[in-house]
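S.K.: Structure supplied as model-v8.cif; contents: mmCIF, C-alpha atoms.
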data_coords
loop_
_atom_site.group_PDB
_atom_site.id
_atom_site.type_symbol
_atom_site.label_atom_id
_atom_site.label_comp_id
_atom_site.auth_asym_id
_atom_site.auth_seq_id
_atom_site.Cartn_x
_atom_site.Cartn_y
_atom_site.Cartn_z
ATOM 1 C CA MET A 7 -51.644 1.462 -96.998
ATOM 2 C CA ALA A 8 -54.080 -1.243 -95.944
ATOM 3 C CA LEU A 9 -55.042 0.664 -92.784
ATOM 4 C CA GLN A 10 -55.698 3.807 -94.769
ATOM 5 C CA PHE A 11 -57.891 1.802 -97.105
ATOM 6 C CA ILE A 12 -59.831 0.218 -94.197
ATOM 7 C CA LEU A 13 -59.971 3.189 -91.808
ATOM 8 C CA GLY A 14 -59.545 6.059 -94.193
ATOM 9 C CA PRO A 15 -56.805 8.699 -93.884
ATOM 10 C CA LYS A 16 -58.300 10.346 -90.781
ATOM 11 C CA GLY A 17 -58.991 7.041 -89.047
ATOM 12 C CA ALA A 18 -55.455 5.781 -89.748
ATOM 13 C CA ALA A 19 -54.038 9.063 -88.415
ATOM 14 C CA ARG A 20 -56.148 8.749 -85.229
ATOM 15 C CA LEU A 21 -55.005 5.137 -84.748
ATOM 16 C CA ALA A 22 -51.372 6.166 -85.278
ATOM 17 C CA LYS A 23 -51.750 8.984 -82.722
ATOM 18 C CA PHE A 24 -53.400 6.627 -80.219
ATOM 19 C CA LEU A 25 -50.652 4.029 -80.613
ATOM 20 C CA ASP A 26 -47.946 6.692 -80.411
ATOM 21 C CA ASP A 27 -49.401 7.950 -77.119
ATOM 22 C CA ASN A 28 -50.224 4.568 -75.565
ATOM 23 C CA ILE A 29 -48.001 1.858 -77.043
ATOM 24 C CA ALA A 30 -45.673 1.692 -74.023
ATOM 25 C CA GLY A 31 -48.522 1.196 -71.568
ATOM 26 C CA LEU A 32 -50.314 -1.289 -73.779
ATOM 27 C CA THR A 33 -47.262 -3.446 -74.440
ATOM 28 C CA SER A 34 -46.064 -3.387 -70.828
ATOM 29 C CA ASN A 35 -49.470 -4.443 -69.542
ATOM 30 C CA ILE A 36 -49.764 -7.201 -72.151
ATOM 31 C CA LEU A 37 -46.255 -8.428 -71.327
ATOM 32 C CA LEU A 38 -46.939 -8.347 -67.598
ATOM 33 C CA GLY A 39 -50.143 -10.305 -68.200
ATOM 34 C CA PHE A 40 -48.198 -12.981 -70.050
ATOM 35 C CA LEU A 41 -45.573 -13.069 -67.297
ATOM 36 C CA LEU A 42 -48.249 -13.333 -64.638
ATOM 37 C CA GLY A 43 -49.858 -16.250 -66.431
ATOM 38 C CA LEU A 44 -46.849 -18.077 -67.848
ATOM 39 C CA LEU A 45 -44.068 -17.617 -65.289
ATOM 40 C CA PRO A 46 -45.538 -19.979 -62.667
ATOM 41 C CA MET A 47 -46.017 -22.618 -65.383
ATOM 42 C CA PHE A 48 -42.415 -22.142 -66.484
ATOM 43 C CA GLY A 49 -41.359 -22.621 -62.864
ATOM 44 C CA THR A 50 -43.385 -25.816 -62.648
ATOM 45 C CA MET A 51 -41.811 -27.178 -65.846
ATOM 46 C CA THR A 52 -38.254 -26.361 -64.744
ATOM 47 C CA GLY A 53 -38.711 -27.244 -61.078
ATOM 48 C CA LEU A 54 -37.831 -23.716 -59.976
ATOM 49 C CA PRO A 55 -39.933 -22.161 -57.204
ATOM 50 C CA ILE A 56 -40.981 -19.166 -59.332
ATOM 51 C CA ASP A 57 -44.195 -17.394 -58.487
ATOM 52 C CA VAL A 58 -45.709 -14.010 -59.247
ATOM 53 C CA ARG A 59 -47.686 -12.158 -56.614
ATOM 54 C CA HIS A 60 -50.400 -9.777 -57.750
ATOM 55 C CA VAL A 61 -49.627 -7.236 -55.047
ATOM 56 C CA THR A 62 -45.918 -7.277 -55.894
ATOM 57 C CA LEU A 63 -46.650 -6.825 -59.565
ATOM 58 C CA GLY A 64 -49.114 -3.988 -58.946
ATOM 59 C CA THR A 65 -46.800 -2.263 -56.490
ATOM 60 C CA GLY A 66 -43.895 -2.528 -58.921
ATOM 61 C CA GLN A 67 -45.913 -0.892 -61.675
ATOM 62 C CA PHE A 68 -47.106 1.739 -59.209
ATOM 63 C CA ALA A 69 -43.550 2.544 -58.084
ATOM 64 C CA GLY A 70 -42.290 2.586 -61.679
ATOM 65 C CA SER A 71 -44.976 5.046 -62.666
ATOM 66 C CA ILE A 72 -44.127 7.331 -59.747
ATOM 67 C CA TYR A 73 -40.478 7.256 -60.791
ATOM 68 C CA THR A 74 -41.380 7.993 -64.407
ATOM 69 C CA ILE A 75 -44.012 10.682 -63.798
ATOM 70 C CA GLY A 76 -42.416 12.241 -60.728
ATOM 71 C CA THR A 77 -43.497 12.849 -57.165
ATOM 72 C CA GLY A 78 -46.024 15.456 -58.281
ATOM 73 C CA VAL A 79 -48.302 12.542 -59.134
ATOM 74 C CA VAL A 80 -49.398 12.360 -55.476
ATOM 75 C CA TYR A 81 -51.685 15.315 -56.175
ATOM 76 C CA LEU A 82 -53.666 13.357 -58.771
ATOM 77 C CA ASN A 83 -56.758 11.288 -58.040
ATOM 78 C CA ALA A 84 -55.353 8.463 -60.179
ATOM 79 C CA PHE A 85 -52.464 8.056 -57.714
ATOM 80 C CA TRP A 86 -54.807 7.497 -54.796
ATOM 81 C CA LEU A 87 -57.092 5.228 -56.820
ATOM 82 C CA ALA A 88 -54.085 3.094 -57.756
ATOM 83 C CA LEU A 89 -53.023 2.922 -54.109
ATOM 84 C CA VAL A 90 -56.517 1.841 -53.080
ATOM 85 C CA GLY A 91 -56.487 -0.685 -55.922
ATOM 86 C CA ILE A 92 -53.297 -2.280 -54.582
ATOM 87 C CA MET A 93 -54.887 -2.522 -51.138
ATOM 88 C CA VAL A 94 -57.990 -4.131 -52.660
ATOM 89 C CA ILE A 95 -55.809 -6.659 -54.497
ATOM 90 C CA GLY A 96 -54.035 -7.528 -51.242
ATOM 91 C CA THR A 97 -57.304 -7.849 -49.357
ATOM 92 C CA LEU A 98 -58.785 -10.092 -52.042
ATOM 93 C CA ASN A 99 -55.667 -12.281 -52.133
ATOM 94 C CA VAL A 100 -55.656 -12.787 -48.371
ATOM 95 C CA SER A 101 -59.403 -13.339 -48.068
ATOM 96 C CA VAL A 102 -59.603 -15.777 -50.976
ATOM 97 C CA SER A 103 -56.575 -17.710 -49.704
ATOM 98 C CA PHE A 104 -58.018 -17.856 -46.192
ATOM 99 C CA GLY A 105 -61.461 -18.822 -47.454
ATOM 100 C CA LEU A 106 -60.146 -21.613 -49.656
ATOM 101 C CA ALA A 107 -57.891 -22.953 -46.898
ATOM 102 C CA MET A 108 -60.811 -22.947 -44.475
ATOM 103 C CA TRP A 109 -63.090 -24.659 -47.006
ATOM 104 C CA VAL A 110 -60.501 -27.399 -47.607
ATOM 105 C CA ALA A 111 -59.945 -27.883 -43.867
ATOM 106 C CA ILE A 112 -63.670 -28.135 -43.137
ATOM 107 C CA ARG A 113 -64.172 -30.614 -45.974
ATOM 108 C CA ALA A 114 -61.163 -32.662 -44.881
ATOM 109 C CA ARG A 115 -62.610 -32.961 -41.357
ATOM 110 C CA ASP A 116 -66.111 -33.711 -42.681
ATOM 111 C CA VAL A 117 -67.680 -31.121 -40.385
ATOM 112 C CA SER A 118 -71.467 -31.253 -40.089
ATOM 113 C CA ALA A 119 -73.661 -28.362 -41.232
ATOM 114 C CA PRO A 120 -74.486 -27.031 -37.719
ATOM 115 C CA ASP A 121 -70.812 -27.143 -36.749
ATOM 116 C CA ARG A 122 -69.838 -25.373 -39.986
ATOM 117 C CA LYS A 123 -72.333 -22.634 -39.219
ATOM 118 C CA ALA A 124 -70.887 -22.219 -35.720
ATOM 119 C CA ILE A 125 -67.345 -22.066 -37.131
ATOM 120 C CA TYR A 126 -68.311 -19.456 -39.730
ATOM 121 C CA GLN A 127 -70.067 -17.357 -37.071
ATOM 122 C CA ALA A 128 -67.062 -17.564 -34.744
ATOM 123 C CA VAL A 129 -64.675 -16.552 -37.522
ATOM 124 C CA TRP A 130 -66.930 -13.667 -38.563
ATOM 125 C CA GLN A 131 -67.248 -12.438 -34.974
ATOM 126 C CA ARG A 132 -63.472 -12.606 -34.550
ATOM 127 C CA PHE A 133 -62.997 -10.719 -37.802
ATOM 128 C CA CYS A 134 -65.410 -7.977 -36.694
ATOM 129 C CA ARG A 135 -63.765 -7.675 -33.248
ATOM 130 C CA LYS A 136 -60.081 -8.062 -34.138
ATOM 131 C CA PRO A 137 -59.534 -8.082 -37.906
ATOM 132 C CA PHE A 138 -55.767 -7.632 -37.741
ATOM 133 C CA THR A 139 -55.298 -10.874 -35.806
ATOM 134 C CA PHE A 140 -55.919 -12.669 -39.097
ATOM 135 C CA LEU A 141 -52.668 -11.150 -40.368
ATOM 136 C CA TRP A 142 -50.686 -10.678 -37.149
ATOM 137 C CA PRO A 143 -51.541 -12.877 -34.167
ATOM 138 C CA ALA A 144 -51.830 -11.126 -30.823
ATOM 139 C CA LYS A 145 -48.754 -11.631 -28.639
ATOM 140 C CA ASP A 146 -50.758 -12.483 -25.518
ATOM 141 C CA GLU A 147 -52.785 -15.248 -27.169
ATOM 142 C CA VAL A 148 -51.493 -18.797 -27.110
ATOM 143 C CA ALA A 149 -52.759 -21.198 -29.743
ATOM 144 C CA THR A 150 -54.620 -24.133 -28.277
ATOM 145 C CA GLU A 151 -55.055 -27.468 -29.945
ATOM 146 C CA ALA A 152 -58.506 -28.017 -31.377
ATOM 147 C CA PRO A 153 -60.349 -31.045 -30.042
ATOM 148 C CA ALA A 154 -60.336 -34.058 -32.324
ATOM 149 C CA HIS A 155 -63.432 -34.341 -34.477
ATOM 150 C CA GLY A 156 -65.414 -37.404 -34.789
#
Any chance you could put this one into structure tokens?

M.R.:
Amino acid sequence: MALQFILGPKGAARLAKFLDDNIAGLTSNILLGFLLGLLPMFGTMTGLPIDVRHVTLGTGQFAGSIYTIGTGVVYLNAFWLALVGIMVIGTLNVSVSFGLAMWVAIRARDVSAPDRKAIYQAVWQRFCRKPFTFLWPAKDEVATEAPAHG
């Protein structure tokens, strides 16, 4: 009654239709958002090594939607956009993790500005030449110990 008073009969009917069509997607995404944000904190409080990975979560939703909709979904643009989105999430996760780890390592070693610039250039050149070695090291390359700084 209150919604009909606020929105009017047509507006309440449109809201009801929208919720009827979209309530499952809305609630699942809200629930997954809460799980993504609260599950690691719950793991910290209980001492359990619980973590949620963005790529795993996105891929699970992607696979669930394929199962629900059917394999004919591969002919839709939304399918391919979702697949690209999962790849973007993975790329962002890896690059942010690598960047933060490198930033912490450089700060921990108190590397000077010219040396930092040389390191960044070397990493960028390596990334442009052999980007996959950041994920899978080449079998013929042997890691050498970096010279002590300072």

S.K.: Just want the 12 Å neighbourhood of range 102-106 of chain A, counted on all atoms listed in the file, with same-chain residues fewer than 6 positions away dropped. Output as a VMD selection string.

M.R.: chain A and resid 94 to 96 112 to 113 126 129 to 130 140 to 141

S.K.: Can you translate the PyMOL selection byres ((chain A and resi 64) around 10) into the concrete residues it hits in this file, as an mmCIF file with C-alpha atoms, in the coordinates of the input?

M.R.:
data_model
loop_
_atom_site.group_PDB
_atom_site.id
_atom_site.type_symbol
_atom_site.label_atom_id
_atom_site.label_comp_id
_atom_site.auth_asym_id
_atom_site.auth_seq_id
_atom_site.Cartn_x
_atom_site.Cartn_y
_atom_site.Cartn_z
ATOM 1 C CA LEU A 38 -46.939 -8.347 -67.598
ATOM 2 C CA ARG A 59 -47.686 -12.158 -56.614
ATOM 3 C CA HIS A 60 -50.400 -9.777 -57.750
ATOM 4 C CA VAL A 61 -49.627 -7.236 -55.047
ATOM 5 C CA THR A 62 -45.918 -7.277 -55.894
ATOM 6 C CA LEU A 63 -46.650 -6.825 -59.565
ATOM 7 C CA THR A 65 -46.800 -2.263 -56.490
ATOM 8 C CA GLY A 66 -43.895 -2.528 -58.921
ATOM 9 C CA GLN A 67 -45.913 -0.892 -61.675
ATOM 10 C CA PHE A 68 -47.106 1.739 -59.209
ATOM 11 C CA ALA A 69 -43.550 2.544 -58.084
ATOM 12 C CA GLY A 70 -42.290 2.586 -61.679
ATOM 13 C CA ALA A 88 -54.085 3.094 -57.756
ATOM 14 C CA LEU A 89 -53.023 2.922 -54.109
ATOM 15 C CA GLY A 91 -56.487 -0.685 -55.922
ATOM 16 C CA ILE A 92 -53.297 -2.280 -54.582
ATOM 17 C CA MET A 93 -54.887 -2.522 -51.138
ATOM 18 C CA ILE A 95 -55.809 -6.659 -54.497
ATOM 19 C CA GLY A 96 -54.035 -7.528 -51.242
#

S.K.: Taking all listed atoms of range 63-78 of chain A, build the axis-aligned box, pad each of the six sides by 8 Å, then write its centre and edge lengths in Å to one decimal as AutoDock Vina command-line options.

M.R.:
--center_x -44.8 --center_y 4.3 --center_z -60.4 --size_x 24.6 --size_y 38.3 --size_z 23.9

S.K.: Enter the distance from CA of Gly31 in chain A to CA of Ile72 in chain A, in Å, rounded to one decimal.

M.R.: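 Distance between the two atoms: 14.0 Å.
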
S.K.: Tell me, in Å to one decimal, how far CA of Ile125 in chain A is from CA of Thr139 in chain A.

M.R.: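 Straight-line distance from CA of Ile125 in chain A to CA of Thr139 in chain A works out to 16.5 Å.
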
S.K.: Calculate how many Å separate CA of Ala124 in chain A from CA of Val100 in chain A, rounding to one decimal.

M.R.: 21.9 Å
